[in-house]
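So this block is model.tsv, TSV, C-alpha atoms and all ligand atoms:
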```tsv
chain	number	residue	atom	x	y	z
A	12	MET	CA	-25.68	6.69	12.44
A	13	THR	CA	-25.12	8.63	9.22
A	14	THR	CA	-21.76	8.80	7.50
A	15	ASN	CA	-21.50	12.48	8.47
A	16	ASP	CA	-21.94	11.61	12.13
A	17	ASN	CA	-19.35	8.91	11.73
A	18	ILE	CA	-16.93	11.34	10.12
A	19	SER	CA	-17.32	13.78	13.02
A	20	LYS	CA	-16.86	11.01	15.52
A	21	ALA	CA	-13.74	9.68	13.74
A	22	ALA	CA	-12.32	13.21	13.42
A	23	GLU	CA	-12.73	13.76	17.15
A	24	ILE	CA	-11.02	10.46	17.98
A	25	ILE	CA	-8.16	11.31	15.62
A	26	SER	CA	-7.77	14.80	17.10
A	27	LYS	CA	-7.26	13.27	20.55
A	28	ALA	CA	-5.10	10.34	19.40
A	29	LYS	CA	-1.41	10.27	20.23
A	30	LYS	CA	-0.27	7.18	18.34
A	31	ILE	CA	-2.06	6.50	15.09
A	32	VAL	CA	-1.10	3.68	12.74
A	33	ALA	CA	-2.46	3.56	9.18
A	34	PHE	CA	-2.80	0.25	7.34
A	35	THR	CA	-3.31	0.71	3.63
A	36	GLY	CA	-4.17	-1.39	0.59
A	37	ALA	CA	-4.75	-0.97	-3.12
A	38	GLY	CA	-7.88	1.17	-2.54
A	39	ILE	CA	-5.90	4.21	-1.34
A	40	SER	CA	-4.09	4.32	-4.68
A	41	ALA	CA	-7.18	3.79	-6.84
A	42	GLU	CA	-7.76	7.54	-7.11
A	43	SER	CA	-4.17	7.97	-8.26
A	44	GLY	CA	-5.10	5.83	-11.26
A	45	ILE	CA	-3.74	2.45	-10.14
A	46	PRO	CA	-6.42	-0.23	-10.34
A	47	PRO	CA	-6.64	-2.91	-7.63
A	48	PHE	CA	-5.78	-6.50	-8.56
A	49	ARG	CA	-9.29	-7.85	-8.03
A	50	GLY	CA	-12.84	-6.79	-8.92
A	51	GLU	CA	-14.10	-4.58	-11.69
A	52	ASN	CA	-11.19	-3.24	-13.82
A	53	GLY	CA	-8.85	-5.32	-11.64
A	54	ILE	CA	-5.38	-6.11	-13.00
A	55	TRP	CA	-6.06	-9.88	-12.85
A	56	ASN	CA	-8.86	-9.48	-15.38
A	57	LYS	CA	-6.15	-8.77	-17.94
A	58	TYR	CA	-3.09	-10.67	-16.69
A	59	ASP	CA	-2.44	-14.13	-15.29
A	60	PRO	CA	-1.34	-13.92	-11.61
A	61	ASP	CA	1.03	-16.87	-12.27
A	62	SER	CA	3.34	-14.44	-14.09
A	63	LEU	CA	4.18	-13.05	-10.66
A	64	ASP	CA	5.00	-16.39	-9.10
A	65	ILE	CA	8.62	-16.52	-8.01
A	66	ASP	CA	9.36	-19.95	-9.55
A	67	TYR	CA	7.75	-18.88	-12.80
A	68	TYR	CA	9.93	-15.73	-12.82
A	69	TYR	CA	13.14	-17.73	-12.63
A	70	ARG	CA	11.99	-20.52	-15.02
A	71	HIS	CA	10.12	-18.43	-17.60
A	72	THR	CA	11.85	-15.12	-17.12
A	73	LYS	CA	11.08	-13.64	-20.53
A	74	GLU	CA	7.32	-14.31	-20.31
A	75	SER	CA	7.15	-13.05	-16.74
A	76	TRP	CA	9.25	-9.97	-17.55
A	77	LYS	CA	6.88	-8.96	-20.34
A	78	VAL	CA	3.97	-8.82	-17.88
A	79	ILE	CA	6.02	-7.15	-15.12
A	80	LYS	CA	7.25	-4.50	-17.53
A	81	GLU	CA	3.73	-3.70	-18.72
A	82	ILE	CA	2.11	-3.60	-15.26
A	83	PHE	CA	4.83	-2.01	-13.20
A	84	PHE	CA	7.29	-0.12	-15.36
A	85	ASP	CA	5.11	1.11	-18.22
A	86	PHE	CA	2.18	1.85	-15.92
A	87	PHE	CA	2.62	1.89	-12.07
A	88	ASN	CA	5.95	3.66	-12.00
A	89	ASN	CA	5.51	6.06	-14.86
A	90	ASN	CA	5.63	9.76	-14.07
A	91	GLU	CA	1.90	10.30	-14.52
A	92	ILE	CA	1.02	8.38	-11.35
A	93	LYS	CA	1.02	10.76	-8.36
A	94	PRO	CA	-0.14	10.58	-4.73
A	95	ASN	CA	-3.72	11.74	-4.14
A	96	PRO	CA	-5.20	13.78	-1.25
A	97	GLY	CA	-5.57	10.64	0.87
A	98	HIS	CA	-1.81	9.97	0.75
A	99	TYR	CA	-1.05	13.63	1.59
A	100	VAL	CA	-3.23	13.61	4.71
A	101	LEU	CA	-1.25	10.65	6.09
A	102	ALA	CA	2.01	12.48	5.34
A	103	GLU	CA	0.79	15.58	7.18
A	104	TRP	CA	-0.29	13.57	10.22
A	105	GLU	CA	3.18	12.04	10.37
A	106	LYS	CA	4.79	15.49	10.19
A	107	GLU	CA	2.52	16.68	13.02
A	108	GLY	CA	3.73	13.74	15.13
A	109	LYS	CA	0.28	12.15	15.25
A	110	LEU	CA	0.86	9.24	12.91
A	111	LYS	CA	3.56	6.78	13.98
A	112	CYS	CA	3.79	4.90	10.71
A	113	VAL	CA	2.07	3.59	7.64
A	114	ILE	CA	1.92	-0.16	7.17
A	115	THR	CA	1.24	-0.65	3.50
A	116	GLN	CA	0.48	-3.63	1.33
A	117	ASN	CA	1.00	-1.40	-1.70
A	118	ILE	CA	4.15	-1.54	-3.75
A	119	ASP	CA	3.69	1.72	-5.64
A	120	ASP	CA	5.89	3.97	-3.42
A	121	LEU	CA	3.16	6.65	-3.27
A	122	HIS	CA	3.30	7.03	0.54
A	123	ARG	CA	6.99	7.96	0.41
A	124	ILE	CA	6.47	10.22	-2.59
A	125	ALA	CA	3.71	11.98	-0.61
A	126	GLY	CA	6.18	12.57	2.24
A	127	ASN	CA	5.74	9.74	4.76
A	128	LYS	CA	9.11	8.69	6.18
A	129	VAL	CA	8.11	5.69	8.31
A	130	VAL	CA	6.55	3.24	5.89
A	131	HIS	CA	6.59	-0.50	6.55
A	132	GLU	CA	6.36	-2.09	3.11
A	133	PHE	CA	4.72	-5.42	3.80
A	134	HIS	CA	4.95	-6.51	0.17
A	135	GLY	CA	8.09	-4.64	-0.87
A	136	ASN	CA	8.32	-1.87	-3.45
A	137	SER	CA	8.23	-1.90	-7.25
A	138	SER	CA	10.49	1.15	-7.54
A	139	ARG	CA	13.58	-0.85	-6.53
A	140	PHE	CA	15.46	-3.86	-7.91
A	141	VAL	CA	17.38	-6.40	-5.91
A	142	CYS	CA	20.04	-8.88	-7.01
A	143	LYS	CA	19.59	-12.20	-5.20
A	144	GLN	CA	23.14	-13.19	-6.16
A	145	CYS	CA	25.18	-10.31	-4.72
A	146	ASP	CA	22.44	-8.55	-2.63
A	147	ALA	CA	22.87	-5.22	-4.46
A	148	VAL	CA	19.79	-2.95	-4.43
A	149	TYR	CA	19.13	-0.41	-7.19
A	150	PRO	CA	16.53	2.33	-7.49
A	151	LEU	CA	14.41	1.80	-10.60
A	152	LYS	CA	15.78	4.97	-12.20
A	153	GLU	CA	19.30	3.47	-12.29
A	154	ILE	CA	18.20	0.47	-14.33
A	155	LYS	CA	17.42	0.74	-18.04
A	156	ILE	CA	14.11	-0.99	-18.70
A	157	THR	CA	13.97	-2.73	-22.08
A	158	GLU	CA	12.17	-5.75	-23.56
A	159	GLU	CA	14.97	-7.93	-22.11
A	160	PRO	CA	15.00	-8.84	-18.38
A	161	ALA	CA	17.29	-6.53	-16.40
A	162	LEU	CA	20.66	-7.83	-15.21
A	163	CYS	CA	22.72	-6.76	-12.21
A	164	PRO	CA	25.28	-4.12	-13.30
A	165	ARG	CA	27.69	-5.52	-10.68
A	166	CYS	CA	27.55	-9.31	-11.13
A	167	GLY	CA	25.42	-9.87	-14.24
A	168	HIS	CA	22.81	-12.04	-12.44
A	169	LEU	CA	19.10	-11.56	-13.18
A	170	LEU	CA	17.59	-8.69	-11.16
A	171	LYS	CA	14.27	-9.05	-9.38
A	172	PRO	CA	11.83	-6.21	-8.78
A	173	ASP	CA	11.88	-5.69	-5.00
A	174	PHE	CA	8.22	-6.52	-4.41
A	175	ILE	CA	7.02	-9.82	-3.01
A	176	PHE	CA	6.18	-12.35	-5.70
A	177	PHE	CA	3.68	-15.13	-5.03
A	178	GLY	CA	5.60	-17.85	-3.22
A	179	GLU	CA	7.98	-15.46	-1.44
A	180	GLY	CA	8.04	-14.66	2.27
A	181	ILE	CA	7.26	-11.28	3.84
A	182	PRO	CA	10.39	-9.16	4.51
A	183	GLN	CA	11.27	-9.84	8.14
A	184	ASP	CA	11.87	-6.24	9.18
A	185	ALA	CA	8.57	-5.06	7.65
A	186	TYR	CA	6.71	-7.88	9.39
A	187	GLN	CA	8.28	-7.25	12.80
A	188	ASN	CA	7.89	-3.48	12.59
A	189	SER	CA	4.24	-3.86	11.59
A	190	VAL	CA	3.47	-6.20	14.48
A	191	GLU	CA	5.21	-3.85	16.92
A	192	ALA	CA	3.33	-0.83	15.60
A	193	ALA	CA	-0.02	-2.63	15.79
A	194	ASN	CA	0.76	-3.62	19.37
A	195	ASP	CA	1.42	-0.03	20.39
A	196	CYS	CA	-1.14	2.39	18.97
A	197	ASP	CA	-4.30	4.03	20.25
A	198	VAL	CA	-6.02	4.39	16.86
A	199	PHE	CA	-5.58	2.04	13.91
A	200	ILE	CA	-6.96	3.21	10.56
A	201	ILE	CA	-7.63	0.58	7.90
A	202	ILE	CA	-7.78	2.16	4.44
A	203	GLY	CA	-8.75	0.59	1.11
A	204	THR	CA	-8.03	-3.06	1.73
A	205	SER	CA	-10.35	-6.03	1.32
A	206	GLY	CA	-8.58	-8.05	4.02
A	207	GLN	CA	-8.18	-11.06	1.75
A	208	VAL	CA	-4.40	-11.20	1.55
A	209	SER	CA	-2.64	-13.20	4.26
A	210	PRO	CA	-0.60	-12.74	6.44
A	211	ALA	CA	-1.02	-8.93	6.09
A	212	ASN	CA	-4.69	-9.29	6.99
A	213	MET	CA	-3.77	-10.43	10.51
A	214	ILE	CA	-2.16	-7.11	11.48
A	215	PRO	CA	-5.38	-5.13	12.25
A	216	GLY	CA	-6.55	-7.86	14.67
A	217	ILE	CA	-3.39	-7.34	16.72
A	218	ALA	CA	-4.25	-3.66	17.21
A	219	LYS	CA	-7.84	-4.53	18.09
A	220	ARG	CA	-6.78	-7.05	20.73
A	221	LYS	CA	-4.51	-4.41	22.28
A	222	GLY	CA	-7.48	-2.06	22.65
A	223	ALA	CA	-6.89	0.35	19.74
A	224	ILE	CA	-9.94	2.02	18.20
A	225	ILE	CA	-10.35	0.70	14.67
A	226	ILE	CA	-11.48	3.20	12.04
A	227	GLU	CA	-12.03	1.79	8.55
A	228	ILE	CA	-12.25	3.78	5.31
A	229	ASN	CA	-13.37	1.68	2.36
A	230	ARG	CA	-15.51	2.01	-0.74
A	231	ASP	CA	-17.04	-1.42	0.05
A	232	ARG	CA	-17.44	-3.47	3.19
A	233	SER	CA	-14.42	-5.68	3.85
A	234	LEU	CA	-13.61	-8.79	5.86
A	235	TYR	CA	-12.90	-6.43	8.80
A	236	THR	CA	-16.08	-4.36	8.76
A	237	ASP	CA	-18.38	-6.67	10.73
A	238	TYR	CA	-15.69	-8.11	12.98
A	239	ILE	CA	-13.23	-5.56	14.28
A	240	THR	CA	-14.16	-2.15	12.83
A	241	ASP	CA	-15.46	0.36	15.38
A	242	ILE	CA	-16.23	3.18	12.94
A	243	PHE	CA	-16.82	2.43	9.26
A	244	LEU	CA	-16.48	5.35	6.86
A	245	GLN	CA	-17.80	4.20	3.52
A	246	GLY	CA	-16.45	6.04	0.50
A	247	LYS	CA	-13.29	6.98	-1.32
A	248	ALA	CA	-10.12	7.39	0.72
A	249	GLY	CA	-9.09	10.49	-1.27
A	250	GLU	CA	-12.35	12.20	-0.28
A	251	ILE	CA	-12.81	10.98	3.30
A	252	LEU	CA	-9.27	11.48	4.66
A	253	PRO	CA	-9.19	15.23	3.84
A	254	LYS	CA	-12.56	15.62	5.59
A	255	LEU	CA	-11.09	14.11	8.74
A	256	LYS	CA	-8.18	16.50	8.58
A	257	ILE	CA	-10.24	19.58	7.82
A	258	ARG	CA	-12.58	18.84	10.71
A	259	ASN	CA	-9.55	18.29	12.91
A	260	GLN	CA	-8.30	21.76	12.09
A	261	GLY	CA	-11.73	23.29	12.69
A	262	SER	CA	-11.57	24.96	9.28
A	263	ASN	CA	-13.44	24.68	6.02
A	264	HIS	CA	-10.47	25.55	3.86
A	265	THR	CA	-8.92	22.98	1.59
A	266	PRO	CA	-5.20	22.70	2.43
A	267	SER	CA	-3.10	24.34	-0.26
A	268	ASN	CA	-1.10	21.31	-1.36
A	269	TYR	CA	-4.22	19.40	-2.41
A	301	LIG	P1	-7.87	-5.49	-2.85
A	301	LIG	O1	-7.84	-5.29	-4.32
A	301	LIG	O2	-8.10	-6.87	-2.35
A	301	LIG	O3	-8.99	-4.56	-2.21
A	301	LIG	C1	-9.06	-3.18	-2.48
A	301	LIG	C2	-10.07	-2.58	-1.51
A	301	LIG	O4	-10.07	-1.18	-1.71
A	301	LIG	C3	-11.49	-3.08	-1.72
A	301	LIG	O5	-12.04	-3.37	-0.44
A	301	LIG	C4	-12.19	-1.90	-2.38
A	301	LIG	O6	-13.55	-1.81	-2.00
A	301	LIG	C5	-11.42	-0.74	-1.79
A	301	LIG	N1	-11.39	0.48	-2.61
A	301	LIG	C6	-11.36	0.60	-3.96
A	301	LIG	N2	-11.27	1.91	-4.31
A	301	LIG	C7	-11.23	2.61	-3.15
A	301	LIG	C8	-11.11	3.98	-2.84
A	301	LIG	N3	-11.02	4.92	-3.79
A	301	LIG	N4	-11.08	4.35	-1.54
A	301	LIG	C9	-11.18	3.42	-0.54
A	301	LIG	N5	-11.31	2.10	-0.78
A	301	LIG	C10	-11.30	1.70	-2.07
A	301	LIG	O7	-6.55	-4.83	-2.29
A	301	LIG	P2	-5.62	-5.24	-1.06
A	301	LIG	O8	-6.48	-5.62	0.09
A	301	LIG	O9	-4.64	-4.15	-0.92
A	301	LIG	O10	-4.89	-6.57	-1.54
A	301	LIG	C11	-4.33	-6.64	-2.82
A	301	LIG	C12	-2.84	-6.92	-2.87
A	301	LIG	O11	-2.42	-6.53	-4.16
A	301	LIG	C13	-2.04	-6.09	-1.91
A	301	LIG	O12	-1.37	-6.95	-1.10
A	301	LIG	C14	-1.06	-5.27	-2.76
A	301	LIG	O13	0.26	-5.73	-2.55
A	301	LIG	C15	-1.35	-5.61	-4.18
A	301	LIG	N6	-1.71	-4.43	-5.01
A	301	LIG	C16	-1.04	-3.28	-4.84
A	301	LIG	C17	-1.37	-2.18	-5.61
A	301	LIG	C18	-0.60	-0.89	-5.40
A	301	LIG	O14	0.56	-0.94	-4.99
A	301	LIG	N7	-1.22	0.25	-5.64
A	301	LIG	C19	-2.38	-2.25	-6.55
A	301	LIG	C20	-3.03	-3.48	-6.72
A	301	LIG	C21	-2.69	-4.56	-5.92
```

Take the structure in the file and write it out as structure tokens.
Amino acid sequence: MTTNDNISKAAEIISKAKKIVAFTGAGISAESGIPPFRGENGIWNKYDPDSLDIDYYYRHTKESWKVIKEIFFDFFNNNEIKPNPGHYVLAEWEKEGKLKCVITQNIDDLHRIAGNKVVHEFHGNSSRFVCKQCDAVYPLKEIKITEEPALCPRCGHLLKPDFIFFGEGIPQDAYQNSVEAANDCDVFIIIGTSGQVSPANMIPGIAKRKGAIIIEINRDRSLYTDYITDIFLQGKAGEILPKLKIRNQGSNHTPSNY
């Protein structure tokens, strides 16, 4: 079957679906200018992943902070990075009542910026800080980012960016909400994830076992493609998702907010 046939088939399934869940990874944000961690141009080609280990952060805070500042605050969360058409399609489906939620492994906040309200952040979010001493949470814009690690304005303890470092557990509410959503959907769309990161990579299998149709959008084949994917749409998320929406509307016009 050609990709065009697959796109028509997926669009038809989506048009009839009542409870869609989207599961996203670094690939959906690639067209917004955020590189994935692995592969060509991956972030780990330039930085050592150990800098984002939780023990390393507390023991070698200055070294870790330097890397965190460069990756996340100078780059990910600067004002130039914006959602792309793929993010906006998911936001529109939620507004139409079709999409129940987004489960994302991303920490870039782009789903919320695009307009999605129900976003289960499996790995947290780099646009917030948390104080592990007094439990205060601060939006990034309230904290002055300098060369020195940021301290809690309330108690003076070291702040931690509110994404999951290596060695930390998954936030319990995000985990439970994701499992519940995967257990109760008719269509589950996997977008831009290699399926290599555990335990997030177990969520799509839950939906499959419950009988959901699995649609996968990915530039490359993933660990899911040959095992649980029903319809594989190979290509860029920012190009394929709008095609699914346009076909759904029976129109050839590009929506105005793209
Ligand atoms: P990954 O790097 O393991 O895999 C990315 C996948 O996206 C690959 O399968 C690749 O083929 C595909 N891809 C690349 N460009 C694409 C595009 N334009 N459209 C569709 N697919 C595309 O990413 P992962 O599976 O999400 O795991 C990496 C972990 O790193 C995640 O848990 C996440 O927390 C973190 N991460 C997050 C960001 C972010 O927040 N934007 C960026 C990098 C890494």

Can I get the residues of chain A within 6 Å of ligand LIG 301 (chain A), each with the closest pair of atoms and their distance in Å to one decimal, using all atoms listed in the file, sorted chain first then ascending number, as a Markdown table?
```
| residue | atom | partner | partner_atom | distance |
| --- | --- | --- | --- | --- |
| A:Gly36 | CA | A:LIG301 | O9 | 3.2 |
| A:Ala37 | CA | A:LIG301 | O9 | 3.9 |
| A:Gly38 | CA | A:LIG301 | O4 | 3.3 |
| A:Ile39 | CA | A:LIG301 | N4 | 5.2 |
| A:Ser40 | CA | A:LIG301 | N7 | 5.1 |
| A:Ala41 | CA | A:LIG301 | N3 | 5.0 |
| A:Glu42 | CA | A:LIG301 | N3 | 5.3 |
| A:Ile45 | CA | A:LIG301 | N7 | 5.6 |
| A:Pro46 | CA | A:LIG301 | C19 | 5.9 |
| A:Pro47 | CA | A:LIG301 | C20 | 3.8 |
| A:Phe48 | CA | A:LIG301 | C20 | 4.5 |
| A:Arg49 | CA | A:LIG301 | O1 | 4.7 |
| A:Gln116 | CA | A:LIG301 | O13 | 4.4 |
| A:Asn117 | CA | A:LIG301 | O14 | 3.4 |
| A:Ile118 | CA | A:LIG301 | O14 | 3.8 |
| A:Asp119 | CA | A:LIG301 | O14 | 4.2 |
| A:His134 | CA | A:LIG301 | O13 | 5.5 |
| A:Gly203 | CA | A:LIG301 | N5 | 3.5 |
| A:Thr204 | CA | A:LIG301 | O8 | 3.4 |
| A:Ser205 | CA | A:LIG301 | O5 | 3.6 |
| A:Gly206 | CA | A:LIG301 | O8 | 5.1 |
| A:Gln207 | CA | A:LIG301 | O2 | 5.9 |
| A:Val208 | CA | A:LIG301 | O10 | 5.6 |
| A:Ile228 | CA | A:LIG301 | C9 | 6.0 |
| A:Asn229 | CA | A:LIG301 | N5 | 3.8 |
| A:Arg230 | CA | A:LIG301 | N5 | 4.2 |
| A:Asp231 | CA | A:LIG301 | O6 | 4.1 |
| A:Ser233 | CA | A:LIG301 | O5 | 5.4 |
| A:Gly246 | CA | A:LIG301 | C9 | 6.0 |
| A:Lys247 | CA | A:LIG301 | N4 | 3.4 |
| A:Ala248 | CA | A:LIG301 | N4 | 3.9 |
```

Using all atoms listed in the file, I'd like a table of the residues in region 13-45 of chain A that come within 10 Å of region 211-220 of chain A; for each, show the closest atom pair and its distance in Å rounded to one decimal, ordered by chain and ascending number, as a Markdown table.
```
| residue | atom | partner | partner_atom | distance |
| --- | --- | --- | --- | --- |
| A:Val32 | CA | A:Ala218 | CA | 9.2 |
| A:Ala33 | CA | A:Pro215 | CA | 9.7 |
| A:Phe34 | CA | A:Pro215 | CA | 7.7 |
| A:Gly36 | CA | A:Ala211 | CA | 9.9 |
```

Kindly provide the residues of region 144-219 of chain A that approach region 74-85 of chain A to within 10 Å, each paired with its closest atom pair and their distance in Å to one decimal, based on all atoms listed in the file, listed by chain and increasing number, as a Markdown table.
```
| residue | atom | partner | partner_atom | distance |
| --- | --- | --- | --- | --- |
| A:Leu151 | CA | A:Phe84 | CA | 8.8 |
| A:Ile156 | CA | A:Phe84 | CA | 7.6 |
| A:Thr157 | CA | A:Lys80 | CA | 8.3 |
| A:Glu158 | CA | A:Lys77 | CA | 7.0 |
| A:Glu159 | CA | A:Trp76 | CA | 7.6 |
| A:Pro160 | CA | A:Trp76 | CA | 5.9 |
| A:Ala161 | CA | A:Trp76 | CA | 8.8 |
| A:Lys171 | CA | A:Trp76 | CA | 9.6 |
| A:Pro172 | CA | A:Ile79 | CA | 8.7 |
```

Using all atoms listed in the file, which residues sit within 10 Å of Lys143 (chain A) once same-chain residues fewer than 3 positions away are excluded, as a list in words?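 Within the cut-off, the hits are Phe140, Asp146, Ala147, Val148, Cys163, His168, Leu169, Leu170 and Lys171 of chain A.
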
Just the selected residues (C-alpha atoms), exported as an mmCIF file, keeping the file's coordinate frame, please.
```
data_model
loop_
_atom_site.group_PDB
_atom_site.id
_atom_site.type_symbol
_atom_site.label_atom_id
_atom_site.label_comp_id
_atom_site.auth_asym_id
_atom_site.auth_seq_id
_atom_site.Cartn_x
_atom_site.Cartn_y
_atom_site.Cartn_z
ATOM 1 C CA PHE A 140 15.460 -3.860 -7.910
ATOM 2 C CA ASP A 146 22.440 -8.550 -2.630
ATOM 3 C CA ALA A 147 22.870 -5.220 -4.460
ATOM 4 C CA VAL A 148 19.790 -2.950 -4.430
ATOM 5 C CA CYS A 163 22.720 -6.760 -12.210
ATOM 6 C CA HIS A 168 22.810 -12.040 -12.440
ATOM 7 C CA LEU A 169 19.100 -11.560 -13.180
ATOM 8 C CA LEU A 170 17.590 -8.690 -11.160
ATOM 9 C CA LYS A 171 14.270 -9.050 -9.380
#
```

Restricting the calculation to only C-alpha atoms: of A:Leu121, A:Val141, A:Leu101, A:Val129, which residue gets closest to Glu153 (chain A)?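 Using only C-alpha atoms, Glu153 (chain A) sits closest to A:Val141.
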
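Going from CA of His122 (chain A) to CA of Ser138 (chain A) covers 12.3 Å.
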
Excluding Gly108 (chain A) and its own-chain neighbours fewer than 6 positions away, which residues fall within 12 Å of it when counting all atoms listed in the file? Please give them as a PDB file with C-alpha atoms, in the frame of the given file.
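Okay, this is what ended up in selection13.pdb:
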```
ATOM      1  CA  SER A  26      -7.770  14.800  17.100  1.00  0.00           C
ATOM      2  CA  ALA A  28      -5.100  10.340  19.400  1.00  0.00           C
ATOM      3  CA  LYS A  29      -1.410  10.270  20.230  1.00  0.00           C
ATOM      4  CA  LYS A  30      -0.270   7.180  18.340  1.00  0.00           C
ATOM      5  CA  ILE A  31      -2.060   6.500  15.090  1.00  0.00           C
ATOM      6  CA  VAL A  32      -1.100   3.680  12.740  1.00  0.00           C
ATOM      7  CA  LEU A 101      -1.250  10.650   6.090  1.00  0.00           C
ATOM      8  CA  ALA A 102       2.010  12.480   5.340  1.00  0.00           C
ATOM      9  CA  ASN A 127       5.740   9.740   4.760  1.00  0.00           C
ATOM     10  CA  LYS A 128       9.110   8.690   6.180  1.00  0.00           C
ATOM     11  CA  VAL A 129       8.110   5.690   8.310  1.00  0.00           C
TER      12      VAL A 129
END
```

Kindly give the distance, in Å, that separates CA of Val130 (chain A) and CA of Thr115 (chain A), rounded to a single decimal.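 These two atoms are separated by 7.0 Å.
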
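The coordinates place CA of Lys27 (chain A) at 21.5 Å from CA of Glu250 (chain A).
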
Can you tell me which residues surround Glu132 (chain A) at a distance of at most 9 Å, considering all atoms listed in the file, apart from same-chain residues fewer than 3 positions away, and format the answer as a compact mmCIF listing (two decimals) with C-alpha atoms, in the coordinates of the input?
```txt
# COMPACT_ATOMS: atom_id res chain seq x y z
CA VAL A 113 2.07 3.59 7.64
CA ILE A 114 1.92 -0.16 7.17
CA THR A 115 1.24 -0.65 3.50
CA GLN A 116 0.48 -3.63 1.33
CA ASN A 117 1.00 -1.40 -1.70
CA ILE A 118 4.15 -1.54 -3.75
CA ASP A 120 5.89 3.97 -3.42
CA GLY A 135 8.09 -4.64 -0.87
CA ASN A 136 8.32 -1.87 -3.45
CA PHE A 174 8.22 -6.52 -4.41
CA PRO A 182 10.39 -9.16 4.51
CA ALA A 185 8.57 -5.06 7.65
CA TYR A 186 6.71 -7.88 9.39
CA SER A 189 4.24 -3.86 11.59
```

Between A:Lys111, A:Thr14, A:His71, A:Ile24, smallest distance to Ile226 (chain A) by all atoms listed in the file belongs to A:Ile24

Among A:Tyr69, A:Phe86, A:Phe133, A:Tyr149, Asp184 (chain A) is approached most closely, using all atoms listed in the file, by A:Phe133

Using all atoms listed in the file, which of A:Asn15, A:Ala193, A:Asn90, A:Pro253 sits nearest Lys152 (chain A)?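 When distances to Lys152 (chain A) are compared using all atoms listed in the file, the smallest one comes from A:Asn90.
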
Which residue out of A:Gly222, A:Asp64, A:Ile200, A:Pro210 has the minimum interatomic distance to Leu244 (chain A) when all atoms listed in the file are used?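 Among A:Gly222, A:Asp64, A:Ile200, A:Pro210, it is A:Ile200 that comes nearest to Leu244 (chain A).
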
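Distances to Arg165 (chain A) were evaluated for A:Ala21, A:Cys145, A:Ile181, A:Ile242 using all atoms listed in the file, and the minimum falls at A:Cys145.
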